[in-house]
>>> print(open('final30.txt').read())   # compact mmCIF, C-alpha atoms
# COMPACT_ATOMS: atom_id res chain seq x y z
CA MET A 1 -15.63 -8.79 3.29
CA SER A 2 -12.90 -8.26 5.83
CA ASP A 3 -10.60 -8.24 2.83
CA LEU A 4 -12.43 -5.20 1.42
CA ALA A 5 -12.45 -3.51 4.84
CA TRP A 6 -8.69 -4.03 5.02
CA ILE A 7 -8.17 -2.53 1.56
CA PHE A 8 -10.21 0.52 2.60
CA ALA A 9 -8.44 1.04 5.94
CA SER A 10 -5.04 0.46 4.40
CA ALA A 11 -5.58 2.98 1.58
CA CYS A 12 -7.19 5.54 3.89
CA LEU A 13 -5.02 5.43 7.00
CA VAL A 14 -1.98 3.15 6.98
CA ASN A 15 -0.77 3.84 3.45
CA ASN A 16 -2.32 7.27 3.16
CA PHE A 17 -1.69 8.55 -0.37
CA THR A 18 -0.46 11.97 0.66
CA LEU A 19 1.34 11.26 3.90
CA SER A 20 3.07 8.01 3.12
CA TYR A 21 3.22 7.82 -0.72
CA PHE A 22 3.72 11.58 -1.27
CA LEU A 23 1.02 11.62 -3.95
CA GLY A 24 -1.12 14.68 -4.50
CA LEU A 25 1.26 17.03 -2.73
CA CYS A 26 0.54 20.03 -4.95
CA PRO A 27 -3.05 20.49 -3.67
CA PHE A 28 -1.90 19.40 -0.21
CA PHE A 29 0.43 22.39 0.03
CA GLY A 30 -1.33 24.67 -2.43
CA VAL A 31 -5.05 24.58 -1.66
CA THR A 32 -5.11 23.98 2.07
CA GLY A 33 -5.61 27.56 3.19
CA ARG A 34 -9.21 27.05 4.38
CA ILE A 35 -11.07 24.00 5.68
CA GLU A 36 -14.10 24.65 3.44
CA THR A 37 -11.98 24.61 0.26
CA ALA A 38 -10.01 21.58 1.40
CA TYR A 39 -13.24 19.71 2.08
CA ARG A 40 -14.63 20.42 -1.38
CA LEU A 41 -11.35 19.54 -3.04
CA GLY A 42 -11.41 16.27 -1.12
CA LEU A 43 -14.92 15.50 -2.39
CA ALA A 44 -13.86 16.26 -5.97
CA ASN A 45 -10.86 13.97 -5.47
CA ILE A 46 -13.02 11.04 -4.32
CA PHE A 47 -15.23 11.59 -7.35
CA VAL A 48 -12.36 11.56 -9.84
CA LEU A 49 -10.67 8.60 -8.12
CA VAL A 50 -13.81 6.48 -8.46
CA ILE A 51 -14.10 7.32 -12.17
CA THR A 52 -10.38 6.56 -12.54
CA SER A 53 -10.70 3.19 -10.89
CA LEU A 54 -13.60 2.17 -13.12
CA THR A 55 -11.90 3.45 -16.28
CA ALA A 56 -8.62 1.75 -15.46
CA SER A 57 -10.34 -1.59 -14.71
CA PHE A 58 -12.16 -1.36 -18.03
CA LEU A 59 -8.98 -0.52 -19.96
CA GLU A 60 -7.11 -3.29 -18.21
CA ALA A 61 -9.78 -5.87 -19.04
CA TYR A 62 -10.49 -5.02 -22.67
CA VAL A 63 -7.69 -2.97 -24.18
CA LEU A 64 -4.36 -3.43 -22.45
CA VAL A 65 -4.27 -7.22 -22.53
CA ASP A 66 -3.12 -6.88 -26.13
CA ALA A 67 -0.86 -3.87 -25.74
CA PRO A 68 0.58 -3.46 -22.22
CA TYR A 69 3.17 -0.95 -23.46
CA LEU A 70 0.38 1.56 -24.10
CA ARG A 71 -0.64 1.50 -20.42
CA LEU A 72 0.65 4.94 -19.36
CA ILE A 73 -0.49 6.79 -22.46
CA SER A 74 -3.94 5.25 -22.49
CA TYR A 75 -4.46 5.74 -18.75
CA ILE A 76 -3.74 9.43 -19.01
CA VAL A 77 -5.68 10.13 -22.17
CA VAL A 78 -8.72 8.01 -21.31
CA ILE A 79 -8.96 9.12 -17.68
CA ALA A 80 -8.64 12.80 -18.56
CA SER A 81 -11.28 12.62 -21.26
CA THR A 82 -13.68 10.53 -19.17
CA VAL A 83 -13.49 13.07 -16.37
CA GLN A 84 -14.16 15.80 -18.92
CA PHE A 85 -17.27 14.00 -20.18
CA VAL A 86 -18.60 13.36 -16.69
CA GLU A 87 -17.93 17.00 -15.84
CA MET A 88 -20.07 18.07 -18.82
CA ALA A 89 -22.81 15.67 -17.79
CA ILE A 90 -22.83 17.02 -14.22
CA LYS A 91 -22.94 20.59 -15.47
CA LYS A 92 -26.11 19.73 -17.38
CA LEU A 93 -27.75 17.49 -14.77
CA SER A 94 -26.84 19.10 -11.46
CA PRO A 95 -25.58 22.69 -11.60
CA ALA A 96 -25.36 22.82 -7.80
CA LEU A 97 -22.95 19.89 -7.65
CA PHE A 98 -20.99 21.38 -10.53
CA ARG A 99 -20.60 24.66 -8.70
CA ALA A 100 -19.31 22.80 -5.64
CA LEU A 101 -16.75 20.62 -7.43
CA GLY A 102 -16.41 22.20 -10.87
CA ILE A 103 -13.30 24.33 -10.63
CA PHE A 104 -11.27 21.53 -9.11
CA LEU A 105 -12.04 18.81 -11.65
CA PRO A 106 -9.69 19.91 -14.47
CA LEU A 107 -6.96 20.58 -11.87
CA ILE A 108 -6.95 17.13 -10.34
CA THR A 109 -7.19 15.10 -13.51
CA THR A 110 -3.44 15.38 -13.95
CA ASN A 111 -2.74 15.01 -10.24
CA CYS A 112 -0.26 12.25 -9.44
CA ALA A 113 -2.70 10.70 -6.96
CA ILE A 114 -5.03 9.89 -9.85
CA LEU A 115 -2.45 8.18 -12.06
CA GLY A 116 -0.92 6.64 -8.93
CA LEU A 117 -4.23 4.99 -8.06
CA ALA A 118 -4.53 3.49 -11.54
CA ILE A 119 -0.95 2.16 -11.41
CA PHE A 120 -1.13 0.74 -7.88
CA GLN A 121 -4.51 -0.83 -8.57
CA GLN A 122 -3.06 -2.57 -11.62
CA SER A 123 0.19 -3.66 -9.96
CA ARG A 124 -1.68 -5.18 -7.00
CA GLY A 125 -4.09 -7.01 -9.30
CA TYR A 126 -7.32 -5.69 -7.74
CA ASP A 127 -10.58 -6.69 -9.43
CA LEU A 128 -13.42 -4.25 -10.12
CA VAL A 129 -14.96 -4.23 -6.60
CA GLN A 130 -11.61 -4.23 -4.81
CA GLY A 131 -10.46 -1.38 -7.07
CA LEU A 132 -13.57 0.62 -6.27
CA VAL A 133 -13.08 0.14 -2.51
CA TYR A 134 -9.42 1.05 -2.92
CA ALA A 135 -10.40 4.26 -4.73
CA LEU A 136 -12.91 5.18 -2.01
CA GLY A 137 -10.32 4.52 0.69
CA ALA A 138 -7.63 6.50 -1.07
CA GLY A 139 -10.08 9.36 -1.64
CA ALA A 140 -11.18 9.36 1.99
CA GLY A 141 -7.53 9.39 3.05
CA LEU A 142 -6.72 12.31 0.75
CA MET A 143 -9.69 14.26 2.05
CA LEU A 144 -8.71 13.52 5.67
CA ALA A 145 -5.15 14.71 5.07
CA LEU A 146 -6.32 17.85 3.23
CA VAL A 147 -8.84 18.81 5.92
CA ILE A 148 -6.44 18.19 8.82
CA MET A 149 -3.71 20.18 7.06
CA ALA A 150 -6.11 23.06 6.34
CA GLY A 151 -7.28 23.06 9.96
CA LEU A 152 -3.72 23.19 11.26
CA ARG A 153 -2.79 25.97 8.87
CA GLU A 154 -5.88 28.01 9.77
CA GLU A 155 -4.88 27.70 13.41
CA SER A 156 -1.22 28.51 12.92
CA GLU A 157 -1.80 31.45 10.58
CA LEU A 158 -1.57 34.05 13.33
CA ASN A 159 1.14 32.33 15.33
CA ASP A 160 4.51 33.94 15.72
CA VAL A 161 6.67 31.69 13.52
CA PRO A 162 10.37 32.47 12.96
CA SER A 163 10.66 34.29 9.63
CA LEU A 164 13.06 31.67 8.21
CA VAL A 165 10.58 28.81 8.25
CA ARG A 166 7.47 30.84 7.45
CA GLY A 167 5.58 29.51 4.42
CA THR A 168 6.68 26.37 2.61
CA ALA A 169 9.22 25.10 5.14
CA MET A 170 6.67 25.34 7.97
CA SER A 171 4.16 23.35 5.89
CA PHE A 172 6.78 20.63 5.45
CA PHE A 173 7.37 20.39 9.19
CA ILE A 174 3.61 20.18 9.85
CA ALA A 175 3.39 17.45 7.20
CA ALA A 176 6.28 15.55 8.79
CA ILE A 177 4.53 15.49 12.17
CA LEU A 178 1.20 14.50 10.56
CA SER A 179 2.95 11.75 8.64
CA MET A 180 4.46 10.44 11.88
CA ALA A 181 1.01 10.42 13.46
CA PHE A 182 -0.39 8.44 10.54
CA MET A 183 2.42 5.90 10.87
CA GLY A 184 0.84 5.01 14.21
CA PHE A 185 -2.13 3.54 12.34
CA ALA A 186 0.15 0.79 11.01
CA GLY A 187 0.04 -0.82 14.44
CA LEU A 188 -3.77 -0.87 14.49
CA PHE A 189 -4.13 -3.45 11.75
CA SER A 190 -2.31 -6.72 11.35
CA GLU A 191 -0.77 -7.03 7.90
CA ALA A 192 -3.22 -8.91 5.65
CA MET B 1 10.47 33.86 -16.86
CA ALA B 2 13.37 32.69 -18.99
CA ASN B 3 12.99 35.61 -21.36
CA ALA B 4 13.60 38.04 -18.55
CA ILE B 5 17.23 36.98 -18.14
CA GLU B 6 19.58 39.73 -19.21
CA PRO B 7 22.26 38.55 -21.64
CA ASP B 8 25.39 38.31 -19.54
CA GLU B 9 28.65 39.07 -21.36
CA GLY B 10 31.18 36.26 -21.22
CA ARG B 11 28.59 33.47 -21.19
CA SER B 12 26.57 32.33 -24.16
CA ARG B 13 22.79 32.23 -23.95
CA ALA B 14 22.77 28.42 -23.91
CA ALA B 15 25.23 28.27 -21.02
CA GLN B 16 23.03 30.66 -19.05
CA GLU B 17 19.92 28.59 -19.65
CA LEU B 18 21.86 25.55 -18.50
CA LEU B 19 23.24 27.12 -15.36
CA LYS B 20 20.05 28.74 -14.11
CA GLY B 21 18.34 25.38 -13.50
CA ILE B 22 21.12 24.03 -11.34
CA TRP B 23 20.97 26.61 -8.61
CA ARG B 24 19.20 29.95 -9.14
CA GLU B 25 15.95 28.43 -10.40
CA ASN B 26 16.44 24.97 -8.90
CA PRO B 27 13.18 23.09 -9.54
CA VAL B 28 12.97 21.51 -6.07
CA PHE B 29 14.52 24.04 -3.71
CA ILE B 30 13.43 27.29 -5.34
CA ALA B 31 10.33 26.50 -7.40
CA VAL B 32 9.19 23.61 -5.13
CA LEU B 33 8.10 21.49 -8.11
CA GLY B 34 8.23 17.72 -8.59
CA LEU B 35 7.95 17.00 -4.89
CA CYS B 36 6.36 13.58 -5.21
CA PRO B 37 9.47 11.82 -6.60
CA ALA B 38 11.79 14.10 -4.62
CA MET B 39 10.54 12.57 -1.39
CA ALA B 40 8.98 9.25 -2.30
CA VAL B 41 12.08 7.56 -3.72
CA THR B 42 14.89 9.29 -1.82
CA ASN B 43 15.19 6.89 1.11
CA SER B 44 18.56 5.91 -0.29
CA LEU B 45 21.16 7.65 -2.43
CA LEU B 46 21.02 5.01 -5.19
CA ASN B 47 17.25 5.37 -5.63
CA GLY B 48 17.66 9.14 -5.76
CA ILE B 49 20.33 8.93 -8.45
CA VAL B 50 18.33 6.47 -10.58
CA MET B 51 15.25 8.68 -10.32
CA GLY B 52 17.35 11.73 -11.24
CA LEU B 53 18.76 9.99 -14.33
CA ALA B 54 15.34 8.72 -15.44
CA THR B 55 13.86 12.20 -15.11
CA MET B 56 16.82 13.65 -16.99
CA PHE B 57 16.26 11.31 -19.94
CA VAL B 58 12.54 12.07 -20.08
CA LEU B 59 12.99 15.82 -19.74
CA MET B 60 15.74 16.02 -22.38
CA GLY B 61 13.86 13.80 -24.82
CA SER B 62 10.55 15.58 -24.51
CA SER B 63 12.09 19.07 -24.55
CA LEU B 64 13.94 18.25 -27.78
CA LEU B 65 10.87 16.74 -29.44
CA VAL B 66 8.51 19.50 -28.29
CA SER B 67 10.95 22.17 -29.45
CA MET B 68 11.35 20.38 -32.80
CA LEU B 69 7.58 20.20 -33.26
CA ARG B 70 6.76 23.62 -31.83
CA GLY B 71 5.65 24.97 -35.22
CA VAL B 72 3.45 21.95 -35.90
CA ILE B 73 1.56 21.42 -32.63
CA PRO B 74 -1.79 23.27 -32.70
CA LYS B 75 -2.04 25.67 -29.78
CA GLN B 76 -5.42 24.40 -28.56
CA VAL B 77 -4.34 20.82 -27.94
CA ARG B 78 -0.72 21.48 -26.98
CA ILE B 79 -1.01 20.22 -23.39
CA SER B 80 -2.42 16.85 -24.51
CA VAL B 81 0.34 16.52 -27.10
CA PHE B 82 3.01 17.33 -24.50
CA ILE B 83 1.60 14.70 -22.15
CA ILE B 84 1.53 12.03 -24.84
CA ILE B 85 5.15 12.82 -25.80
CA ILE B 86 6.23 12.69 -22.14
CA ALA B 87 4.32 9.44 -21.54
CA SER B 88 6.09 7.79 -24.50
CA PHE B 89 9.51 8.65 -23.09
CA VAL B 90 8.50 7.48 -19.62
CA THR B 91 7.32 4.15 -21.02
CA THR B 92 10.75 3.74 -22.64
CA VAL B 93 12.58 4.49 -19.40
CA ASP B 94 10.29 2.15 -17.49
CA PHE B 95 11.09 -0.79 -19.77
CA VAL B 96 14.81 -0.02 -19.99
CA LEU B 97 15.12 0.19 -16.21
CA GLN B 98 13.21 -3.04 -15.80
CA ALA B 99 15.71 -4.68 -18.14
CA ILE B 100 18.98 -3.35 -16.70
CA ALA B 101 18.26 -2.72 -12.99
CA TYR B 102 15.46 -5.04 -11.95
CA GLU B 103 16.07 -4.71 -8.17
CA VAL B 104 15.84 -0.93 -8.23
CA HIS B 105 12.84 -1.09 -10.53
CA LYS B 106 11.02 -3.32 -8.07
CA GLU B 107 11.51 -0.71 -5.38
CA ILE B 108 10.69 2.50 -7.24
CA GLY B 109 8.94 1.23 -10.40
CA ALA B 110 5.56 2.79 -9.64
CA PHE B 111 7.21 6.16 -9.15
CA ILE B 112 9.08 5.88 -12.46
CA ALA B 113 5.68 5.63 -14.17
CA LEU B 114 4.59 8.68 -12.20
CA ILE B 115 7.26 10.82 -13.90
CA VAL B 116 4.49 11.45 -16.46
CA VAL B 117 2.65 13.68 -14.02
CA ASN B 118 5.77 15.38 -12.62
CA CYS B 119 4.74 19.04 -12.93
CA LEU B 120 8.39 20.03 -13.49
CA ILE B 121 8.49 18.30 -16.89
CA LEU B 122 5.17 19.57 -18.22
CA GLY B 123 6.06 22.99 -16.81
CA ARG B 124 9.32 23.18 -18.82
CA GLN B 125 7.53 22.15 -22.04
CA GLU B 126 4.86 24.82 -21.59
CA ALA B 127 7.12 27.59 -20.28
CA PHE B 128 10.26 26.98 -22.32
CA ALA B 129 10.65 24.20 -24.89
CA SER B 130 7.54 25.11 -26.88
CA LYS B 131 8.83 28.65 -27.38
CA HIS B 132 12.56 28.24 -28.00
CA PRO B 133 14.82 26.59 -30.61
CA MET B 134 16.21 23.13 -29.99
CA LYS B 135 19.65 24.16 -28.75
CA LEU B 136 18.27 26.39 -25.99
CA ALA B 137 15.53 23.88 -25.12
CA LEU B 138 18.14 21.18 -24.69
CA ALA B 139 20.32 23.46 -22.53
CA ASP B 140 17.33 24.32 -20.38
CA ALA B 141 16.36 20.66 -20.02
CA VAL B 142 19.91 19.60 -19.08
CA GLY B 143 20.18 22.40 -16.51
CA MET B 144 16.78 21.76 -14.94
CA SER B 145 17.31 18.02 -14.74
CA LEU B 146 20.80 18.47 -13.27
CA GLY B 147 19.27 20.72 -10.66
CA PHE B 148 16.58 18.14 -9.99
CA ALA B 149 19.14 15.32 -9.78
CA LEU B 150 21.27 17.46 -7.45
CA ALA B 151 18.31 17.97 -5.12
CA LEU B 152 17.43 14.25 -5.18
CA THR B 153 21.03 13.29 -4.49
CA MET B 154 21.24 15.68 -1.55
CA ILE B 155 17.97 14.52 -0.01
CA GLY B 156 18.75 10.85 -0.68
CA GLY B 157 22.27 11.16 0.75
CA ILE B 158 21.14 12.89 3.93
CA ARG B 159 18.32 10.42 4.51
CA GLU B 160 20.50 7.36 3.87
CA ILE B 161 23.35 8.55 6.11
CA LEU B 162 21.08 9.45 9.02
CA GLY B 163 18.51 6.71 8.60
CA ASN B 164 20.76 3.81 7.75
CA GLY B 165 24.27 4.93 8.68
CA SER B 166 25.49 4.13 5.18
CA LEU B 167 26.03 5.70 1.77
CA LEU B 168 25.28 3.73 -1.42
CA GLY B 169 25.02 0.68 0.85
CA VAL B 170 28.53 1.12 2.29
CA PRO B 171 28.44 1.46 6.11
CA LEU B 172 29.88 4.83 7.09
CA LEU B 173 29.23 5.59 10.70
CA GLY B 174 30.40 2.46 12.48
CA ASP B 175 28.64 0.10 14.87
CA SER B 176 28.09 2.54 17.71
CA PHE B 177 25.77 4.66 15.52
CA GLU B 178 22.09 4.11 16.18
CA PRO B 179 20.24 4.69 12.85
CA TRP B 180 17.49 7.31 12.91
CA VAL B 181 14.97 4.98 11.30
CA ILE B 182 12.45 7.80 10.97
CA MET B 183 14.63 9.37 8.25
CA ILE B 184 14.10 6.54 5.76
CA LEU B 185 10.38 6.40 6.57
CA PRO B 186 7.95 8.88 4.97
CA PRO B 187 8.14 11.57 7.70
CA GLY B 188 11.90 11.80 7.09
CA GLY B 189 11.21 13.01 3.54
CA PHE B 190 9.09 15.93 4.69
CA LEU B 191 11.53 16.67 7.50
CA THR B 192 14.66 16.67 5.31
CA LEU B 193 13.15 18.90 2.63
CA GLY B 194 11.78 21.26 5.29
CA LEU B 195 15.20 21.54 6.91
CA LEU B 196 16.95 22.09 3.55
CA LEU B 197 14.46 24.84 2.65
CA THR B 198 15.11 26.47 6.04
CA ILE B 199 18.87 26.37 5.48
CA PHE B 200 18.49 27.98 2.03
CA ALA B 201 16.21 30.64 3.50
CA TRP B 202 18.89 31.33 6.09
CA PHE B 203 21.59 31.72 3.40
CA LYS B 204 19.31 34.05 1.43
CA ALA B 205 18.49 36.14 4.50
CA ARG B 206 22.20 36.44 5.35
CA ALA B 207 23.13 37.50 1.80
CA LYS B 208 20.35 40.09 1.86
CA ALA B 209 21.46 41.46 5.21
CA ARG B 210 25.05 41.73 3.96
CA ALA B 211 23.93 43.54 0.79
CA ALA B 212 21.86 45.95 2.89
CA LEU B 213 24.86 46.59 5.14
CA GLU B 214 27.08 47.34 2.13
CA THR B 215 24.62 49.89 0.69
CA LYS B 216 24.43 51.50 4.11
CA GLU B 217 28.20 51.78 4.35
CA LEU B 218 28.37 53.20 0.82
CA SER B 219 25.78 55.85 1.64
CA HIS B 220 27.83 56.91 4.67
CA VAL B 221 30.82 57.49 2.42
>>> encode(input="final30.txt", output="structure tokens")
Amino acid sequence: MSDLAWIFASACLVNNFTLSYFLGLCPFFGVTGRIETAYRLGLANIFVLVITSLTASFLEAYVLVDAPYLRLISYIVVIASTVQFVEMAIKKLSPALFRALGIFLPLITTNCAILGLAIFQQSRGYDLVQGLVYALGAGAGLMLALVIMAGLREESELNDVPSLVRGTAMSFFIAAILSMAFMGFAGLFSEA
Amino acid sequence: MANAIEPDEGRSRAAQELLKGIWRENPVFIAVLGLCPAMAVTNSLLNGIVMGLATMFVLMGSSLLVSMLRGVIPKQVRISVFIIIIASFVTTVDFVLQAIAYEVHKEIGAFIALIVVNCLILGRQEAFASKHPMKLALADAVGMSLGFALALTMIGGIREILGNGSLLGVPLLGDSFEPWVIMILPPGGFLTLGLLLTIFAWFKARAKARAALETKELSHV
């Protein structure tokens, strides 16, 4: 049990996908204008990550044992189409949920955080449950980073920033400071 | 985007497509694409160079193939086809690197696999290679990947010198230098790219101010 708790905390805080692995940077810099949007994007991310983890475990167990060289291609194709199917199912079953997450789903299927999760999960040899916990942790970490970033940018929107660093450069500096803050979490847990 | 370039006398079209990627439309510094590898693997110069070469191979291979097949690929499923083509080249690079440079592969292997989802590569297929003949597509791919490799080399060099006091593993700054460890840790990646973007913005602002001054002087005459 403490093993699973460690996997969650490590994926969420210590090895945060965005701030220490640089995965999922496009939405991190692109869609973090408002907290509300960032929050919904984070939810959609958790959703896709869980599907990814399940799909990748399944592929790993039944398909890729015979053909490991097809790993990348099959991950991408199978994950993208599974997300598409689930998206259709949600649209039919729960229009409200679809309206909340819908527009983000196609965008994040090809996000590097998604493929990154599948690859890291495989290279660390997680089983089904561990993989699921890892996906939840990574998703929670992504959402945390997105929401914090959006909050900071909402606050700093009206500040008087030198014209040279306005825009992208400023976002990078904010991210650097956030990333430093997240490094502090490494001291909270002893390496398992 | 590429179509908008005016034919410049003196340089052939292919040379222009090649040159634009290196500086004027640099994928990292100007378009801010492909950030994940640009920061994740550049804690040393060697890793940056290997990543640059791997990306170059994938981009050139897929641009050539996509351009060759551009009449055959149905428009509706083109993105999926591009991704499968890119993934095949990445798989090749992954195995080759594992065979010839095992130590480096152990360090950055996961990020080699992630070249598949580098938006720079898919972006070039969609915006350029699928619409132009092979020669131009190859020139564009070479230029863009040189620009990408240039950015990775710069970031990797700066981070290794400041964070480790060395370059390509050779100590540079002597014993009295205290390494800025933060530079080879994740925050250093964000910091270095942010600083480089600021410097480029400064150059651009200065060039603009100079141009404005010249027009002003001309109007006085």
>>> interface_residues(input="final30.txt", of="chain A", to="chain B", cutoff="10 Å", atoms="all atoms listed in the file", output="short mmCIF file (atom, residue, chain, number, x, y, z; two decimals) with C-alpha atoms, in the coordinates of the input")
data_model
loop_
_atom_site.label_atom_id
_atom_site.label_comp_id
_atom_site.auth_asym_id
_atom_site.auth_seq_id
_atom_site.Cartn_x
_atom_site.Cartn_y
_atom_site.Cartn_z
CA THR A 18 -0.46 11.97 0.66
CA LEU A 19 1.34 11.26 3.90
CA SER A 20 3.07 8.01 3.12
CA TYR A 21 3.22 7.82 -0.72
CA PHE A 22 3.72 11.58 -1.27
CA LEU A 23 1.02 11.62 -3.95
CA GLY A 24 -1.12 14.68 -4.50
CA LEU A 25 1.26 17.03 -2.73
CA CYS A 26 0.54 20.03 -4.95
CA TYR A 69 3.17 -0.95 -23.46
CA LEU A 70 0.38 1.56 -24.10
CA ARG A 71 -0.64 1.50 -20.42
CA LEU A 72 0.65 4.94 -19.36
CA ILE A 73 -0.49 6.79 -22.46
CA SER A 74 -3.94 5.25 -22.49
CA TYR A 75 -4.46 5.74 -18.75
CA ILE A 76 -3.74 9.43 -19.01
CA VAL A 77 -5.68 10.13 -22.17
CA ALA A 80 -8.64 12.80 -18.56
CA THR A 109 -7.19 15.10 -13.51
CA THR A 110 -3.44 15.38 -13.95
CA ASN A 111 -2.74 15.01 -10.24
CA CYS A 112 -0.26 12.25 -9.44
CA ALA A 113 -2.70 10.70 -6.96
CA ILE A 114 -5.03 9.89 -9.85
CA LEU A 115 -2.45 8.18 -12.06
CA GLY A 116 -0.92 6.64 -8.93
CA ILE A 119 -0.95 2.16 -11.41
CA PHE A 120 -1.13 0.74 -7.88
CA SER A 123 0.19 -3.66 -9.96
CA SER A 163 10.66 34.29 9.63
CA LEU A 164 13.06 31.67 8.21
CA VAL A 165 10.58 28.81 8.25
CA ARG A 166 7.47 30.84 7.45
CA THR A 168 6.68 26.37 2.61
CA ALA A 169 9.22 25.10 5.14
CA MET A 170 6.67 25.34 7.97
CA SER A 171 4.16 23.35 5.89
CA PHE A 172 6.78 20.63 5.45
CA PHE A 173 7.37 20.39 9.19
CA ILE A 174 3.61 20.18 9.85
CA ALA A 175 3.39 17.45 7.20
CA ALA A 176 6.28 15.55 8.79
CA ILE A 177 4.53 15.49 12.17
CA LEU A 178 1.20 14.50 10.56
CA SER A 179 2.95 11.75 8.64
CA MET A 180 4.46 10.44 11.88
CA ALA A 181 1.01 10.42 13.46
CA PHE A 182 -0.39 8.44 10.54
CA MET A 183 2.42 5.90 10.87
#
>>> residues_around(input="final30.txt", residues="Gly33 in chain A", least_positions_apart="2", cutoff="12 Å", atoms="all atoms listed in the file", output="NGL selection string")
:A and (27-31 or 35-39 or 41 or 146-157 or 167 or 171)
>>> residues_around(input="final30.txt", residues="range 7-11 of chain A", least_positions_apart="3", cutoff="7 Å", atoms="only C-alpha atoms", output="list in words")
Asp3, Leu4, Val14, Asn15, Asn16, Val133, Tyr134, Gly137, Ala138 and Gly141 of chain A
>>> closest_residue(input="final30.txt", among="B:Met144, B:Ile108, B:Ala149, B:Ile79", to="Leu122 in chain B", atoms="only C-alpha atoms")
B:Ile79
>>> axis_aligned_box(input="final30.txt", around="range 123-127 of chain B", padding_each_side="5 Å", output="JSON")
{"center_x": 7.1, "center_y": 24.9, "center_z": -19.4, "size_x": 14.5, "size_y": 15.4, "size_z": 15.2}
>>> atom_distance(input="final30.txt", atom1="CA of Ile46 in chain A", atom2="CA of Phe185 in chain A")
21.3 Å
>>> atom_distance(input="final30.txt", atom1="CA of Ala141 in chain B", atom2="CA of Leu120 in chain B")
10.3 Å
>>> residues_near_point(input="final30.txt", point="(-11.3, 14.4, -15.6)", cutoff="7 Å", atoms="all atoms listed in the file", output="compact mmCIF listing (two decimals) with C-alpha atoms, keeping the file's coordinate frame")
# COMPACT_ATOMS: atom_id res chain seq x y z
CA VAL A 48 -12.36 11.56 -9.84
CA ILE A 79 -8.96 9.12 -17.68
CA ALA A 80 -8.64 12.80 -18.56
CA SER A 81 -11.28 12.62 -21.26
CA THR A 82 -13.68 10.53 -19.17
CA VAL A 83 -13.49 13.07 -16.37
CA GLN A 84 -14.16 15.80 -18.92
CA LEU A 105 -12.04 18.81 -11.65
CA PRO A 106 -9.69 19.91 -14.47
CA THR A 109 -7.19 15.10 -13.51
>>> residues_around(input="final30.txt", residues="Glu17 in chain B", least_positions_apart="3", cutoff="8 Å", atoms="all atoms listed in the file", output="PyMOL selection string")
chain B and resi 2+13-14+20-21+136+139-140+143
>>> residues_around(input="final30.txt", residues="Ile184 in chain B", least_positions_apart="5", cutoff="6 Å", atoms="only C-alpha atoms", output="MDAnalysis selection string")
chainID B and resid 43 159 163
>>> build_atoms(input="final30.txt", residues="range 67-78 of chain A", atoms="N, CA and C atoms", output="PDB file, in the frame of the given file")
ATOM      1  N   ALA A  67      -1.926  -4.853 -25.528  1.00  0.00           N
ATOM      2  CA  ALA A  67      -0.860  -3.870 -25.740  1.00  0.00           C
ATOM      3  C   ALA A  67      -0.447  -3.249 -24.420  1.00  0.00           C
ATOM      4  N   PRO A  68       0.243  -4.003 -23.547  1.00  0.00           N
ATOM      5  CA  PRO A  68       0.580  -3.460 -22.220  1.00  0.00           C
ATOM      6  C   PRO A  68       1.502  -2.253 -22.280  1.00  0.00           C
ATOM      7  N   TYR A  69       2.247  -2.090 -23.394  1.00  0.00           N
ATOM      8  CA  TYR A  69       3.170  -0.950 -23.460  1.00  0.00           C
ATOM      9  C   TYR A  69       2.439   0.367 -23.648  1.00  0.00           C
ATOM     10  N   LEU A  70       1.133   0.307 -23.944  1.00  0.00           N
ATOM     11  CA  LEU A  70       0.380   1.560 -24.100  1.00  0.00           C
ATOM     12  C   LEU A  70      -0.275   1.986 -22.790  1.00  0.00           C
ATOM     13  N   ARG A  71       0.077   1.275 -21.680  1.00  0.00           N
ATOM     14  CA  ARG A  71      -0.640   1.500 -20.420  1.00  0.00           C
ATOM     15  C   ARG A  71      -0.627   2.971 -19.999  1.00  0.00           C
ATOM     16  N   LEU A  72       0.567   3.568 -19.871  1.00  0.00           N
ATOM     17  CA  LEU A  72       0.650   4.940 -19.360  1.00  0.00           C
ATOM     18  C   LEU A  72      -0.124   5.909 -20.232  1.00  0.00           C
ATOM     19  N   ILE A  73       0.145   5.843 -21.551  1.00  0.00           N
ATOM     20  CA  ILE A  73      -0.490   6.790 -22.460  1.00  0.00           C
ATOM     21  C   ILE A  73      -2.003   6.656 -22.395  1.00  0.00           C
ATOM     22  N   SER A  74      -2.487   5.398 -22.436  1.00  0.00           N
ATOM     23  CA  SER A  74      -3.940   5.250 -22.490  1.00  0.00           C
ATOM     24  C   SER A  74      -4.575   5.622 -21.155  1.00  0.00           C
ATOM     25  N   TYR A  75      -3.923   5.297 -20.038  1.00  0.00           N
ATOM     26  CA  TYR A  75      -4.460   5.740 -18.750  1.00  0.00           C
ATOM     27  C   TYR A  75      -4.697   7.242 -18.772  1.00  0.00           C
ATOM     28  N   ILE A  76      -3.643   7.970 -19.112  1.00  0.00           N
ATOM     29  CA  ILE A  76      -3.740   9.430 -19.010  1.00  0.00           C
ATOM     30  C   ILE A  76      -4.810   9.973 -19.940  1.00  0.00           C
ATOM     31  N   VAL A  77      -4.750   9.559 -21.196  1.00  0.00           N
ATOM     32  CA  VAL A  77      -5.680  10.130 -22.170  1.00  0.00           C
ATOM     33  C   VAL A  77      -7.112   9.744 -21.835  1.00  0.00           C
ATOM     34  N   VAL A  78      -7.338   8.454 -21.536  1.00  0.00           N
ATOM     35  CA  VAL A  78      -8.720   8.010 -21.310  1.00  0.00           C
ATOM     36  C   VAL A  78      -9.275   8.573 -20.012  1.00  0.00           C
TER      37      VAL A  78
END
